[in-house]
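Structure data (mmCIF, C-alpha atoms) from run_34.cif:
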data_work
#
loop_
_atom_site.label_atom_id
_atom_site.label_comp_id
_atom_site.auth_asym_id
_atom_site.auth_seq_id
_atom_site.Cartn_x
_atom_site.Cartn_y
_atom_site.Cartn_z
CA MET A 1 28.06 -23.15 -19.85
CA SER A 2 24.94 -23.64 -21.91
CA ASP A 3 21.69 -21.82 -21.22
CA PRO A 4 19.31 -24.45 -19.77
CA MET A 5 15.78 -24.36 -21.11
CA LEU A 6 12.86 -25.14 -18.86
CA SER A 7 10.31 -27.53 -20.19
CA ILE A 8 6.91 -26.08 -21.06
CA ALA A 9 5.49 -28.34 -18.33
CA THR A 10 7.74 -26.65 -15.72
CA VAL A 11 6.81 -23.19 -16.96
CA GLN A 12 3.12 -24.08 -16.75
CA GLU A 13 3.57 -25.63 -13.30
CA ILE A 14 5.10 -22.42 -11.96
CA ARG A 15 2.50 -20.28 -13.76
CA ASP A 16 -0.35 -22.31 -12.30
CA GLN A 17 0.95 -23.12 -8.80
CA CYS A 18 3.44 -20.47 -7.68
CA LEU A 19 1.89 -18.57 -4.76
CA CYS A 20 4.45 -15.79 -5.01
CA LEU A 21 3.68 -15.17 -8.69
CA ALA A 22 -0.06 -15.32 -8.05
CA ALA A 23 0.23 -12.87 -5.14
CA GLN A 24 2.39 -10.47 -7.17
CA ARG A 25 0.01 -10.52 -10.10
CA ALA A 26 -3.02 -10.02 -7.84
CA ALA A 27 -1.28 -7.20 -5.96
CA ARG A 28 -0.49 -5.40 -9.21
CA ARG A 29 -4.06 -5.74 -10.45
CA LEU A 30 -5.47 -4.52 -7.13
CA ALA A 31 -3.00 -1.64 -7.05
CA ARG A 32 -4.02 -0.52 -10.55
CA ARG A 33 -7.68 -0.84 -9.61
CA PHE A 34 -7.32 1.40 -6.55
CA ASP A 35 -4.97 3.78 -8.39
CA ARG A 36 -7.80 4.40 -10.88
CA VAL A 37 -10.25 5.04 -8.02
CA PHE A 38 -7.95 7.54 -6.29
CA ALA A 39 -6.71 9.25 -9.48
CA PRO A 40 -9.37 12.04 -9.35
CA LEU A 41 -7.93 12.98 -5.94
CA GLY A 42 -4.36 12.95 -7.22
CA LEU A 43 -3.48 9.96 -5.01
CA THR A 44 -2.05 6.53 -5.59
CA ASN A 45 -3.12 3.56 -3.53
CA GLY A 46 0.28 3.60 -1.82
CA GLN A 47 -0.11 7.24 -0.82
CA PHE A 48 -3.61 6.50 0.45
CA SER A 49 -2.23 3.70 2.65
CA MET A 50 0.42 6.02 4.06
CA LEU A 51 -2.05 8.78 4.80
CA VAL A 52 -4.47 6.37 6.46
CA ALA A 53 -1.65 4.97 8.62
CA LEU A 54 -0.98 8.51 9.85
CA SER A 55 -4.64 9.37 10.44
CA GLY A 56 -4.88 8.10 14.00
CA THR A 57 -2.91 8.90 17.10
CA TRP A 58 0.14 6.89 16.04
CA HIS A 59 3.04 9.14 15.05
CA PRO A 60 5.71 6.73 13.83
CA ARG A 61 9.23 7.39 12.69
CA LEU A 62 9.61 6.97 8.93
CA SER A 63 11.38 3.66 9.54
CA GLU A 64 8.46 2.42 11.67
CA LEU A 65 5.97 3.48 9.00
CA ALA A 66 8.02 1.62 6.39
CA ALA A 67 7.99 -1.55 8.49
CA PHE A 68 4.23 -1.24 9.07
CA LEU A 69 3.58 -0.86 5.33
CA GLY A 70 6.07 -3.58 4.36
CA MET A 71 8.11 -1.09 2.35
CA ASP A 72 11.75 -0.08 2.37
CA SER A 73 12.65 3.17 4.12
CA THR A 74 13.98 4.90 1.00
CA THR A 75 10.68 4.37 -0.82
CA VAL A 76 8.71 5.74 2.14
CA THR A 77 11.06 8.72 2.44
CA ALA A 78 10.63 9.57 -1.24
CA ALA A 79 6.86 9.21 -1.01
CA MET A 80 6.75 11.41 2.08
CA LYS A 81 8.64 14.16 0.25
CA THR A 82 5.95 14.12 -2.44
CA LEU A 83 3.17 14.26 0.16
CA GLU A 84 5.02 17.03 2.02
CA ARG A 85 5.37 19.13 -1.17
CA ARG A 86 1.59 18.77 -1.65
CA GLY A 87 1.03 20.03 1.89
CA LEU A 88 -0.54 16.76 3.05
CA VAL A 89 2.07 15.85 5.66
CA GLU A 90 4.67 17.62 7.75
CA LEU A 91 7.94 15.92 8.65
CA GLN A 92 8.88 16.77 12.21
CA PRO A 93 12.12 15.91 14.00
CA ASP A 94 11.89 13.10 16.51
CA PRO A 95 12.35 14.60 20.00
CA ASP A 96 14.42 11.57 21.07
CA ASP A 97 16.61 11.25 17.96
CA ALA A 98 17.45 14.30 15.85
CA ARG A 99 18.34 12.03 12.88
CA ALA A 100 14.82 10.56 12.72
CA ARG A 101 11.71 12.25 11.33
CA ARG A 102 8.07 11.70 12.23
CA PRO A 103 5.41 12.47 9.61
CA ARG A 104 2.11 14.04 10.68
CA LEU A 105 -0.96 14.76 8.61
CA THR A 106 -1.83 18.37 7.95
CA GLY A 107 -5.40 19.61 7.84
CA SER A 108 -5.30 19.23 4.06
CA GLY A 109 -4.07 15.66 4.47
CA ARG A 110 -6.92 14.84 6.84
CA ASP A 111 -9.45 16.38 4.46
CA LEU A 112 -8.08 14.36 1.53
CA VAL A 113 -8.20 11.11 3.51
CA GLY A 114 -11.79 11.95 4.44
CA ARG A 115 -12.66 12.29 0.75
CA ALA A 116 -10.72 9.15 -0.21
CA VAL A 117 -12.21 6.75 2.35
CA PRO A 118 -15.69 6.61 0.75
CA LEU A 119 -14.04 5.85 -2.61
CA TRP A 120 -12.00 3.11 -0.96
CA ARG A 121 -15.11 1.66 0.71
CA GLU A 122 -17.01 1.51 -2.59
CA GLU A 123 -14.17 -0.12 -4.49
CA HIS A 124 -13.32 -2.45 -1.62
CA ALA A 125 -16.94 -3.63 -1.54
CA ARG A 126 -16.69 -4.37 -5.27
CA VAL A 127 -13.47 -6.33 -4.71
CA GLN A 128 -15.08 -8.29 -1.88
CA ALA A 129 -18.08 -9.05 -4.08
CA ASP A 130 -15.72 -10.24 -6.81
CA LEU A 131 -14.06 -12.51 -4.23
CA ARG A 132 -17.37 -13.59 -2.68
CA GLY A 133 -17.25 -11.65 0.59
CA ALA A 134 -16.33 -14.04 3.37
CA GLU A 135 -13.57 -15.56 1.26
CA ALA A 136 -12.03 -12.09 0.92
CA ALA A 137 -11.80 -11.67 4.69
CA ALA A 138 -10.21 -15.10 5.10
CA LEU A 139 -7.77 -14.35 2.30
CA ALA A 140 -6.77 -11.05 3.92
CA ARG A 141 -6.11 -12.82 7.25
CA THR A 142 -4.11 -15.55 5.55
CA LEU A 143 -1.97 -13.07 3.62
CA ALA A 144 -1.38 -11.03 6.79
CA ASP A 145 -0.08 -14.18 8.51
CA LEU A 146 2.61 -14.70 5.88
CA GLY A 147 5.73 -13.19 7.22
#

Structure encoded using structure tokens:
Amino acid sequence: MSDPMLSIATVQEIRDQCLCLAAQRAARRLARRFDRVFAPLGLTNGQFSMLVALSGTWHPRLSELAAFLGMDSTTVTAAMKTLERRGLVELQPDPDDARARRPRLTGSGRDLVGRAVPLWREEHARVQADLRGAEAAALARTLADLG
């Protein structure tokens, strides 16, 4: 079977109109942007999101945290091990299911989130300004509705 070649017009159509490609590219650029902001704290944007998710009264199982973050469980488990080694989270057994673990922030984890939030706010304000404010909020709602 021969290797079919796409026309340059098809390649350009996908480049210019594919929502999935546009979202992936934007997500990567945003991730790098926030990774740079959190680098002085030794955090990635993904770790920041995990720590923030654990900052309230919700104490999810790792699988629930993965679903909330839109990640697979193995990625969350690996990330939690890194955060645990740094003393930012503790993994506790689930009282209802000995096979499941529930991460909780340590005092150090709470302190780090407290230092990271102002950095996030500053960078997020810059992103919103780049996207012209109100449009950014509408975009966030629209993306959240995709499922």

If you measure from atom CA of A:Pro40 to atom CA of A:Arg28, what distance in Å do you get, rounded to one decimal?
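Separating atom CA of A:Pro40 from atom CA of A:Arg28 is a distance of 19.6 Å.
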
Test item: residues at most 9 Å from A:Leu41, only C-alpha atoms, excluding those fewer than 4 positions along its chain, as a PyMOL selection string:
chain A and resi 37+112+115-116

List the residues sitting within 6 Å of (0.7, 17.0, 5.5) in the file's frame, using all atoms listed in the file, as JSON, numbers by chain.
{"A": [84, 87, 88, 89, 90, 105, 106, 109]}

Stretch 60-65 of chain A: which residues within 7 Å, counting only C-alpha atoms, same-chain residues fewer than 4 positions away excluded, as a PyMOL selection string?
chain A and resi 69+73+76-77+100-103

Between atom CA of A:Ala138 and atom CA of A:His124, what is the distance, to one decimal in Å?
14.7 Å

How many Å lie between atom CA of A:Leu19 and atom CA of A:Pro4, rounded to one decimal?
23.7 Å

Return as a list of chain:residue names the set of residues that the PyMOL selection byres ((chain A and resi 43-49) around 8) yields on the displayed structure.
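Checking the PyMOL selection byres ((chain A and resi 43-49) around 8) against this file, the residues are A:Ala31, A:Phe34, A:Asp35, A:Phe38, A:Ala39, A:Pro40, A:Leu41, A:Gly42, A:Met50, A:Leu51, A:Val52, A:Ala53, A:Leu69, A:Ala79, A:Leu83, A:Val113, A:Ala116.
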